[in-house]
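Report on the following structure.
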Amino acid sequence: MTTACVAGGAGYIGGELIRLLLGHPRVEFAGASSATLAGRRIDGAHPNLRGLTDASFTEPGRLPRCDVLFTAAPHTRAMAAVREHLDTGAVVIDLSGDFRLRDPGEYERYYGVPHTEPELLDGFVSGLPELHRAEIATADRISVPGCMATAAILALHPLVRSGLAVGEPRVDARTGSSGSGASAAHNTHAERSGALRVYAPLGHRHEAEIRQALGRPVRMTVTGIGAVRGVQVLCWTRLAPGAGPREVRAAYRTRYAAEPFVRVVAARRGPHRLPDPKILAGANFCDVGFAADEAGGEVLAVAALDNLVKGGAGNAVQCMNLRLGLPERSGLEFSGLHPV
Amino acid sequence: MITCPECEGRVAAPEEPRVHEIVECAECRSELEVVGLDPLLVALAPEVEEDWGE
Ligand SMILES: NC(=O)c1ccc[n+]([C@@H]2O[C@H](COP(=O)([O-])OP(=O)(O)OC[C@H]3O[C@@H](n4cnc5c(N)ncnc54)[C@H](OP(=O)(O)O)[C@@H]3O)[C@@H](O)[C@H]2O)c1
Ligand SMILES: [Zn+2]
């Protein structure tokens, strides 16, 4: 059986990767590393995995040989972590921001430090199946996009690709607290519960990823909300002359008709009219929807996902499935919960 | 098959349609009311709006 390991397994993304790998029908979970928890049981850090594994974390660098290695280290530290694993022969799927931007200058502007492995950047394929499915199927190095970037790219891509959107889209993103990782400062319940904290009014890092994927500039604002999981983006852009709701709906319908994990949600009736991350917790779906003015006006594109699943670990497993030639939905069948 | 007047999605016609019968569009979730039988005609049914206030 194909084996997979997780470097940086003690964090929230690491935990979600281990959960998905333990439930995967065609891939065997072979180990996870952590510097701070080496030797300690995995289900101590991730209590939802009790009864599913008796394994403990290994020290970084002591992971067994495997076919697929997921790296889930914090950005700026993932560069070195990935470098260490390149000669093991494993397919490397990195979850950090370190290999997402093609241009090392752009990386330094958005991440505040120079890229230490710029010669590796060209070797990475962007891990967004909806845009790069064929390249992922043969890639040995895959860089999974950021959670809010994934939502915004999937929300805007049908409009940009079909020429229906003109000008510079504005992305208003809202994110739950798990998006900041397990050890983020100022992320306590006292600070986050009930908050609507506009923590990145301008220039969030994911802005650069969205620009790169769409091939046009965007502006982005990020607000931290009280939820634990979940991202929602509201993206405003102008419609091309003559375009209206009919053309917009047709663009989404055609673009995502064959996608296993993107659902178009733009209902006229009922309480669930546009994408809401609440019902997506644990599921690998990205729901996208829209509301469009009559011809010549503006369009609001909305997307929602679970930042740890389609916004991270689930999307990474989808990439692994593609790379291994497995059914794309393998290990990702969970539908989400309602009510939740 | 009938075409949804709201979103142009394809909606399965009822097997034995009756006037005032409601069918639901799977794509945009509009409620469509049968307003004519030969040919089969549907129109958007009236709806109650949600209002969460200020
Ligand atoms: N949270 C999200 O919603 C989300 C979504 C998509 C992508 N991401 C990205 O995924 C990565 C992990 O995020 P997270 O939320 O899981 O963060 P986290 O909860 O803070 O976990 C990061 C983990 O990385 C490990 N680590 C630290 N330094 C390392 C190094 N030099 N090499 C290897 N591992 C190291 C840490 O464990 P030890 O120190 O014990 O080794 C820690 O458990 C980040 O790059 C993040 O940007 C996060
Ligand atoms: Zn319809």
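Identifiers in this document derive from the order of the structure tokens: chains are assigned A, B, ..., residues are numbered from 1 separately in each chain, and ligands are numbered from 1 in order of occurrence.
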
As a PyMOL selection string, please: all residues of range 73-271 of chain A that backbone DSSP puts in alpha helix (DSSP H). chain A and resi 78-85+104-111+129-136+147-161+189-192+205-214+245-256

Might you pull out every residue within 7 Å of range 217-225 of chain A, with only C-alpha atoms counted and same-chain residues fewer than 5 positions away left off, and present them as a PDB file with N, CA, C and O atoms, in the first residue's frame?
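Result saved to result-v1.pdb:
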ATOM      1  N   GLU A 168     -10.569  45.710 -10.795  1.00  0.00           N
ATOM      2  CA  GLU A 168      -9.820  45.102  -9.692  1.00  0.00           C
ATOM      3  C   GLU A 168     -10.800  44.580  -8.644  1.00  0.00           C
ATOM      4  O   GLU A 168     -11.436  45.377  -7.954  1.00  0.00           O
ATOM      5  N   PRO A 169     -10.931  43.246  -8.503  1.00  0.00           N
ATOM      6  CA  PRO A 169     -11.866  42.732  -7.499  1.00  0.00           C
ATOM      7  C   PRO A 169     -11.458  43.128  -6.078  1.00  0.00           C
ATOM      8  O   PRO A 169     -10.267  43.242  -5.772  1.00  0.00           O
ATOM      9  N   ARG A 170     -12.439  43.298  -5.210  1.00  0.00           N
ATOM     10  CA  ARG A 170     -12.226  43.574  -3.775  1.00  0.00           C
ATOM     11  C   ARG A 170     -12.677  42.353  -3.000  1.00  0.00           C
ATOM     12  O   ARG A 170     -13.818  41.939  -3.156  1.00  0.00           O
ATOM     13  N   VAL A 171     -11.791  41.815  -2.201  1.00  0.00           N
ATOM     14  CA  VAL A 171     -12.089  40.579  -1.477  1.00  0.00           C
ATOM     15  C   VAL A 171     -12.207  40.886   0.016  1.00  0.00           C
ATOM     16  O   VAL A 171     -11.242  41.332   0.638  1.00  0.00           O
ATOM     17  N   ASP A 172     -13.387  40.661   0.565  1.00  0.00           N
ATOM     18  CA  ASP A 172     -13.633  40.841   1.996  1.00  0.00           C
ATOM     19  C   ASP A 172     -13.694  39.440   2.603  1.00  0.00           C
ATOM     20  O   ASP A 172     -14.661  38.714   2.386  1.00  0.00           O
ATOM     21  N   ALA A 173     -12.641  39.050   3.311  1.00  0.00           N
ATOM     22  CA  ALA A 173     -12.552  37.677   3.815  1.00  0.00           C
ATOM     23  C   ALA A 173     -12.816  37.650   5.316  1.00  0.00           C
ATOM     24  O   ALA A 173     -12.393  38.546   6.048  1.00  0.00           O
ATOM     25  N   ARG A 174     -13.519  36.602   5.760  1.00  0.00           N
ATOM     26  CA  ARG A 174     -13.761  36.391   7.197  1.00  0.00           C
ATOM     27  C   ARG A 174     -13.231  35.014   7.556  1.00  0.00           C
ATOM     28  O   ARG A 174     -13.479  34.051   6.836  1.00  0.00           O
ATOM     29  N   THR A 175     -12.535  34.922   8.683  1.00  0.00           N
ATOM     30  CA  THR A 175     -11.911  33.637   9.016  1.00  0.00           C
ATOM     31  C   THR A 175     -12.065  33.283  10.489  1.00  0.00           C
ATOM     32  O   THR A 175     -11.998  34.159  11.360  1.00  0.00           O
ATOM     33  N   GLY A 176     -12.235  31.993  10.750  1.00  0.00           N
ATOM     34  CA  GLY A 176     -12.298  31.486  12.113  1.00  0.00           C
ATOM     35  C   GLY A 176     -10.902  31.382  12.718  1.00  0.00           C
ATOM     36  O   GLY A 176      -9.889  31.506  12.037  1.00  0.00           O
ATOM     37  N   SER A 177     -10.849  31.104  14.037  1.00  0.00           N
ATOM     38  CA  SER A 177      -9.580  31.204  14.757  1.00  0.00           C
ATOM     39  C   SER A 177      -8.593  30.089  14.424  1.00  0.00           C
ATOM     40  O   SER A 177      -7.383  30.278  14.560  1.00  0.00           O
ATOM     41  N   ARG A 192     -10.975  35.963  21.093  1.00  0.00           N
ATOM     42  CA  ARG A 192     -11.613  35.663  19.810  1.00  0.00           C
ATOM     43  C   ARG A 192     -13.130  35.533  19.877  1.00  0.00           C
ATOM     44  O   ARG A 192     -13.833  35.848  18.924  1.00  0.00           O
ATOM     45  N   GLY A 194     -16.738  36.043  19.895  1.00  0.00           N
ATOM     46  CA  GLY A 194     -17.584  37.207  19.624  1.00  0.00           C
ATOM     47  C   GLY A 194     -16.894  38.344  18.893  1.00  0.00           C
ATOM     48  O   GLY A 194     -17.524  39.357  18.592  1.00  0.00           O
ATOM     49  N   ALA A 195     -15.609  38.181  18.603  1.00  0.00           N
ATOM     50  CA  ALA A 195     -14.866  39.290  17.992  1.00  0.00           C
ATOM     51  C   ALA A 195     -15.188  39.440  16.510  1.00  0.00           C
ATOM     52  O   ALA A 195     -15.617  38.500  15.837  1.00  0.00           O
ATOM     53  N   LEU A 196     -14.993  40.631  16.003  1.00  0.00           N
ATOM     54  CA  LEU A 196     -15.014  40.906  14.563  1.00  0.00           C
ATOM     55  C   LEU A 196     -13.774  41.756  14.328  1.00  0.00           C
ATOM     56  O   LEU A 196     -13.846  42.959  14.141  1.00  0.00           O
ATOM     57  N   ARG A 197     -12.633  41.119  14.389  1.00  0.00           N
ATOM     58  CA  ARG A 197     -11.372  41.874  14.392  1.00  0.00           C
ATOM     59  C   ARG A 197     -10.810  42.010  12.977  1.00  0.00           C
ATOM     60  O   ARG A 197     -10.410  41.025  12.364  1.00  0.00           O
ATOM     61  N   VAL A 198     -10.777  43.241  12.488  1.00  0.00           N
ATOM     62  CA  VAL A 198     -10.242  43.486  11.147  1.00  0.00           C
ATOM     63  C   VAL A 198      -8.723  43.466  11.271  1.00  0.00           C
ATOM     64  O   VAL A 198      -8.088  44.482  11.485  1.00  0.00           O
ATOM     65  N   TYR A 199      -8.134  42.290  11.176  1.00  0.00           N
ATOM     66  CA  TYR A 199      -6.712  42.193  11.501  1.00  0.00           C
ATOM     67  C   TYR A 199      -5.803  42.458  10.319  1.00  0.00           C
ATOM     68  O   TYR A 199      -4.609  42.711  10.496  1.00  0.00           O
ATOM     69  N   ALA A 200      -6.326  42.401   9.113  1.00  0.00           N
ATOM     70  CA  ALA A 200      -5.496  42.752   7.943  1.00  0.00           C
ATOM     71  C   ALA A 200      -6.328  43.637   7.015  1.00  0.00           C
ATOM     72  O   ALA A 200      -6.938  43.151   6.073  1.00  0.00           O
ATOM     73  N   PRO A 201      -6.372  44.937   7.308  1.00  0.00           N
ATOM     74  CA  PRO A 201      -7.211  45.816   6.473  1.00  0.00           C
ATOM     75  C   PRO A 201      -6.686  45.925   5.045  1.00  0.00           C
ATOM     76  O   PRO A 201      -7.471  46.082   4.112  1.00  0.00           O
ATOM     77  N   LEU A 202      -5.373  45.824   4.889  1.00  0.00           N
ATOM     78  CA  LEU A 202      -4.751  45.965   3.564  1.00  0.00           C
ATOM     79  C   LEU A 202      -3.598  44.974   3.459  1.00  0.00           C
ATOM     80  O   LEU A 202      -2.922  44.694   4.434  1.00  0.00           O
ATOM     81  N   GLY A 203      -3.362  44.493   2.253  1.00  0.00           N
ATOM     82  CA  GLY A 203      -2.110  43.792   1.964  1.00  0.00           C
ATOM     83  C   GLY A 203      -1.923  42.448   2.636  1.00  0.00           C
ATOM     84  O   GLY A 203      -0.791  42.063   2.947  1.00  0.00           O
ATOM     85  N   HIS A 204      -2.989  41.680   2.902  1.00  0.00           N
ATOM     86  CA  HIS A 204      -2.806  40.337   3.449  1.00  0.00           C
ATOM     87  C   HIS A 204      -2.013  39.474   2.462  1.00  0.00           C
ATOM     88  O   HIS A 204      -2.113  39.643   1.246  1.00  0.00           O
ATOM     89  N   GLU A 207      -3.430  37.952  -0.727  1.00  0.00           N
ATOM     90  CA  GLU A 207      -3.686  38.850  -1.858  1.00  0.00           C
ATOM     91  C   GLU A 207      -2.738  38.527  -3.022  1.00  0.00           C
ATOM     92  O   GLU A 207      -3.157  38.479  -4.183  1.00  0.00           O
ATOM     93  N   ARG A 211      -3.819  37.231  -6.812  1.00  0.00           N
ATOM     94  CA  ARG A 211      -3.360  37.982  -7.987  1.00  0.00           C
ATOM     95  C   ARG A 211      -2.620  37.069  -8.954  1.00  0.00           C
ATOM     96  O   ARG A 211      -2.846  37.085 -10.165  1.00  0.00           O
TER      97      ARG A 211
END

Would you tabulate, counting only C-alpha atoms, all residues of chain B that have an atom at most 7 Å from an atom of chain A, showing the closest pair of atoms and their distance in Å to one decimal, sorted by chain then ascending number, as a Markdown table?
| residue | atom | partner | partner_atom | distance |
| --- | --- | --- | --- | --- |
| B:Cys7 | CA | A:Arg246 | CA | 6.7 |
| B:Cys28 | CA | A:Ala267 | CA | 4.1 |
| B:Arg29 | CA | A:Ala267 | CA | 5.2 |
| B:Ser30 | CA | A:Arg268 | CA | 5.7 |

Restricting it to N, CA, C and O atoms, dump the selection as a PDB file, in the first residue's frame.
ATOM      1  N   CYS B   7     -33.591  31.072 -13.619  1.00  0.00           N
ATOM      2  CA  CYS B   7     -32.162  30.816 -13.830  1.00  0.00           C
ATOM      3  C   CYS B   7     -31.882  30.033 -15.111  1.00  0.00           C
ATOM      4  O   CYS B   7     -30.725  29.749 -15.410  1.00  0.00           O
ATOM      5  N   CYS B  28     -31.673  26.993  -8.585  1.00  0.00           N
ATOM      6  CA  CYS B  28     -31.800  28.263  -7.853  1.00  0.00           C
ATOM      7  C   CYS B  28     -32.844  28.192  -6.749  1.00  0.00           C
ATOM      8  O   CYS B  28     -33.048  29.162  -6.037  1.00  0.00           O
ATOM      9  N   ARG B  29     -33.491  27.020  -6.589  1.00  0.00           N
ATOM     10  CA  ARG B  29     -34.464  26.775  -5.529  1.00  0.00           C
ATOM     11  C   ARG B  29     -35.703  27.662  -5.630  1.00  0.00           C
ATOM     12  O   ARG B  29     -36.449  27.827  -4.667  1.00  0.00           O
ATOM     13  N   SER B  30     -35.957  28.240  -6.801  1.00  0.00           N
ATOM     14  CA  SER B  30     -37.199  28.979  -6.985  1.00  0.00           C
ATOM     15  C   SER B  30     -38.364  28.011  -6.932  1.00  0.00           C
ATOM     16  O   SER B  30     -38.259  26.871  -7.384  1.00  0.00           O
TER      17      SER B  30
END

Write as a PyMOL selection string the residues around ligand 1, taking 6 Å as the cut-off and counting only C-alpha atoms and all ligand atoms. chain A and resi 7-14+34-37+72-75+77-78+81+95-97+146-147+178-183+307-308+311-312

Can you pull out every residue within 8 Å of range 10-27 of chain B, counting only C-alpha atoms, but drop anything in the same chain fewer than 4 positions away, and send it as JSON, numbers by chain? {"A": [265, 266, 267], "B": [1, 2, 3, 4, 31, 32, 33, 34, 35, 36, 37, 45]}

Save out the residues we just selected, C-alpha atoms, as a PDB file, in the first residue's frame.
ATOM      1  CA  VAL A 265     -25.001  27.749  -4.270  1.00  0.00           C
ATOM      2  CA  ALA A 266     -27.043  30.722  -5.440  1.00  0.00           C
ATOM      3  CA  ALA A 267     -30.616  30.093  -4.379  1.00  0.00           C
TER       4      ALA A 267
ATOM      5  CA  MET B   1     -38.305  19.109 -18.956  1.00  0.00           C
ATOM      6  CA  ILE B   2     -39.192  22.735 -18.403  1.00  0.00           C
ATOM      7  CA  THR B   3     -36.876  25.711 -18.195  1.00  0.00           C
ATOM      8  CA  CYS B   4     -36.754  27.686 -14.953  1.00  0.00           C
ATOM      9  CA  GLU B  31     -40.722  27.738  -6.455  1.00  0.00           C
ATOM     10  CA  LEU B  32     -42.437  27.483  -9.808  1.00  0.00           C
ATOM     11  CA  GLU B  33     -46.217  27.425 -10.052  1.00  0.00           C
ATOM     12  CA  VAL B  34     -47.947  25.602 -12.888  1.00  0.00           C
ATOM     13  CA  VAL B  35     -50.079  28.275 -14.588  1.00  0.00           C
ATOM     14  CA  GLY B  36     -51.035  26.491 -17.838  1.00  0.00           C
ATOM     15  CA  LEU B  37     -51.287  22.873 -18.977  1.00  0.00           C
ATOM     16  CA  ALA B  45     -44.549  31.548  -7.216  1.00  0.00           C
TER      17      ALA B  45
END

Which of A:Arg323, A:Arg83, A:His206, A:His338 sits closest to Tyr110 in chain A [using only C-alpha atoms]: A:His206

Which residues in range 114-255 of chain A does DSSP call strand (DSSP E or B)? List them as a VMD selection string. chain A and resid 125 to 126 141 to 143 165 to 175 196 to 200 219 to 225 231 to 239

Please produce a file of those selected residues containing N, CA and C atoms, as a CSV table (one decimal), in the first residue's frame.
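What follows is the written file part.csv:
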chain,number,residue,atom,x,y,z
A,125,VAL,N,4.3,22.8,-8.3
A,125,VAL,CA,3.0,23.0,-9.0
A,125,VAL,C,2.0,23.5,-8.0
A,126,SER,N,1.2,24.4,-8.4
A,126,SER,CA,0.1,24.9,-7.5
A,126,SER,C,-0.9,23.8,-7.2
A,141,ARG,N,6.4,17.8,-6.7
A,141,ARG,CA,6.3,18.9,-5.6
A,141,ARG,C,5.1,19.7,-5.8
A,142,ILE,N,4.3,19.8,-4.8
A,142,ILE,CA,3.0,20.4,-4.9
A,142,ILE,C,2.9,21.4,-3.7
A,143,SER,N,2.5,22.6,-4.0
A,143,SER,CA,2.3,23.7,-3.0
A,143,SER,C,0.8,24.0,-2.9
A,165,ALA,N,-15.9,39.7,-15.6
A,165,ALA,CA,-15.4,40.6,-14.6
A,165,ALA,C,-14.4,41.6,-15.2
A,166,VAL,N,-14.6,42.9,-14.9
A,166,VAL,CA,-13.6,43.8,-15.3
A,166,VAL,C,-13.1,44.6,-14.0
A,167,GLY,N,-11.9,45.2,-14.1
A,167,GLY,CA,-11.4,45.9,-13.0
A,167,GLY,C,-10.8,45.1,-12.0
A,168,GLU,N,-10.6,45.7,-10.8
A,168,GLU,CA,-9.8,45.1,-9.7
A,168,GLU,C,-10.8,44.6,-8.6
A,169,PRO,N,-10.9,43.2,-8.5
A,169,PRO,CA,-11.9,42.7,-7.5
A,169,PRO,C,-11.5,43.1,-6.1
A,170,ARG,N,-12.4,43.3,-5.2
A,170,ARG,CA,-12.2,43.6,-3.8
A,170,ARG,C,-12.7,42.4,-3.0
A,171,VAL,N,-11.8,41.8,-2.2
A,171,VAL,CA,-12.1,40.6,-1.5
A,171,VAL,C,-12.2,40.9,0.0
A,172,ASP,N,-13.4,40.7,0.6
A,172,ASP,CA,-13.6,40.8,2.0
A,172,ASP,C,-13.7,39.4,2.6
A,173,ALA,N,-12.6,39.1,3.3
A,173,ALA,CA,-12.6,37.7,3.8
A,173,ALA,C,-12.8,37.6,5.3
A,174,ARG,N,-13.5,36.6,5.8
A,174,ARG,CA,-13.8,36.4,7.2
A,174,ARG,C,-13.2,35.0,7.6
A,175,THR,N,-12.5,34.9,8.7
A,175,THR,CA,-11.9,33.6,9.0
A,175,THR,C,-12.1,33.3,10.5
A,196,LEU,N,-15.0,40.6,16.0
A,196,LEU,CA,-15.0,40.9,14.6
A,196,LEU,C,-13.8,41.8,14.3
A,197,ARG,N,-12.6,41.1,14.4
A,197,ARG,CA,-11.4,41.9,14.4
A,197,ARG,C,-10.8,42.0,13.0
A,198,VAL,N,-10.8,43.2,12.5
A,198,VAL,CA,-10.2,43.5,11.1
A,198,VAL,C,-8.7,43.5,11.3
A,199,TYR,N,-8.1,42.3,11.2
A,199,TYR,CA,-6.7,42.2,11.5
A,199,TYR,C,-5.8,42.5,10.3
A,200,ALA,N,-6.3,42.4,9.1
A,200,ALA,CA,-5.5,42.8,7.9
A,200,ALA,C,-6.3,43.6,7.0
A,219,ARG,N,-7.7,43.6,-4.3
A,219,ARG,CA,-7.5,44.2,-2.9
A,219,ARG,C,-8.2,43.3,-2.0
A,220,MET,N,-7.6,43.1,-0.8
A,220,MET,CA,-8.1,42.2,0.2
A,220,MET,C,-8.1,42.7,1.6
A,221,THR,N,-9.2,42.4,2.3
A,221,THR,CA,-9.3,42.7,3.8
A,221,THR,C,-9.7,41.5,4.5
A,222,VAL,N,-9.1,41.3,5.7
A,222,VAL,CA,-9.4,40.0,6.4
A,222,VAL,C,-9.9,40.4,7.8
A,223,THR,N,-11.0,39.8,8.2
A,223,THR,CA,-11.6,39.9,9.5
A,223,THR,C,-11.6,38.6,10.3
A,224,GLY,N,-11.1,38.6,11.5
A,224,GLY,CA,-11.2,37.4,12.3
A,224,GLY,C,-12.5,37.4,13.0
A,225,ILE,N,-13.2,36.3,12.9
A,225,ILE,CA,-14.5,36.2,13.6
A,225,ILE,C,-14.5,35.1,14.7
A,231,VAL,N,-14.1,29.7,6.6
A,231,VAL,CA,-13.7,31.0,5.9
A,231,VAL,C,-14.8,31.3,4.9
A,232,GLN,N,-15.1,32.6,4.8
A,232,GLN,CA,-16.1,33.1,3.8
A,232,GLN,C,-15.5,34.3,3.2
A,233,VAL,N,-15.5,34.4,1.9
A,233,VAL,CA,-15.1,35.6,1.2
A,233,VAL,C,-16.2,36.2,0.4
A,234,LEU,N,-16.3,37.5,0.5
A,234,LEU,CA,-17.2,38.3,-0.4
A,234,LEU,C,-16.4,39.0,-1.3
A,235,CYS,N,-16.5,38.8,-2.6
A,235,CYS,CA,-15.7,39.4,-3.6
A,235,CYS,C,-16.5,40.3,-4.6
A,236,TRP,N,-16.2,41.6,-4.5
A,236,TRP,CA,-17.0,42.5,-5.4
A,236,TRP,C,-16.2,42.8,-6.6
A,237,THR,N,-16.8,42.8,-7.8
A,237,THR,CA,-16.2,43.3,-9.0
A,237,THR,C,-17.2,43.8,-10.0
A,238,ARG,N,-16.7,44.7,-10.9
A,238,ARG,CA,-17.6,45.2,-11.9
A,238,ARG,C,-17.9,44.2,-13.0
A,239,LEU,N,-19.1,44.2,-13.6
A,239,LEU,CA,-19.4,43.4,-14.7
A,239,LEU,C,-19.0,44.0,-16.0

In Å to one decimal, how far is CA of Phe334 in chain A from CA of Arg50 in chain A?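 CA of Phe334 in chain A lies at a distance of 18.9 Å from CA of Arg50 in chain A.
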
Distance criterion (only C-alpha atoms): nearest to Asp306 in chain A out of A:Thr254, A:Asn187, A:Ser330, A:Thr150: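 When distances to Asp306 in chain A are compared using only C-alpha atoms, the smallest one comes from A:Thr150.
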
Could you tell me how far CA of Ala316 in chain A sits from CA of Glu84 in chain A, in Å to one decimal place?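 Interatomic distance here is 19.7 Å.
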
Å distance separating CA of His186 in chain A from CA of Ile153 in chain A, one decimal place: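 According to the coordinates, CA of His186 in chain A and CA of Ile153 in chain A are separated by 28.5 Å.
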
Distance query range 285-294 of chain A at most 8 Å, only C-alpha atoms, self and fewer than 6 positions along chain excluded, as a ChimeraX atom specification: /A:151,154-155,243-245,248-249,261-266,274-276,300-306,310

With distances taken over only C-alpha atoms, which of A:Ala134, A:Leu63, A:Leu17, A:Val82 is nearest to Leu322 in chain A?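 Once distances to Leu322 in chain A are computed over only C-alpha atoms, the minimum belongs to A:Ala134.
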
Considering only C-alpha atoms, return as a ChimeraX atom specification whatever protein or nucleic-acid residues lie within 9 Å of Pro5 in chain B, sequence-local ones (same chain, fewer than 6 positions apart) excluded. /B:32,42-44
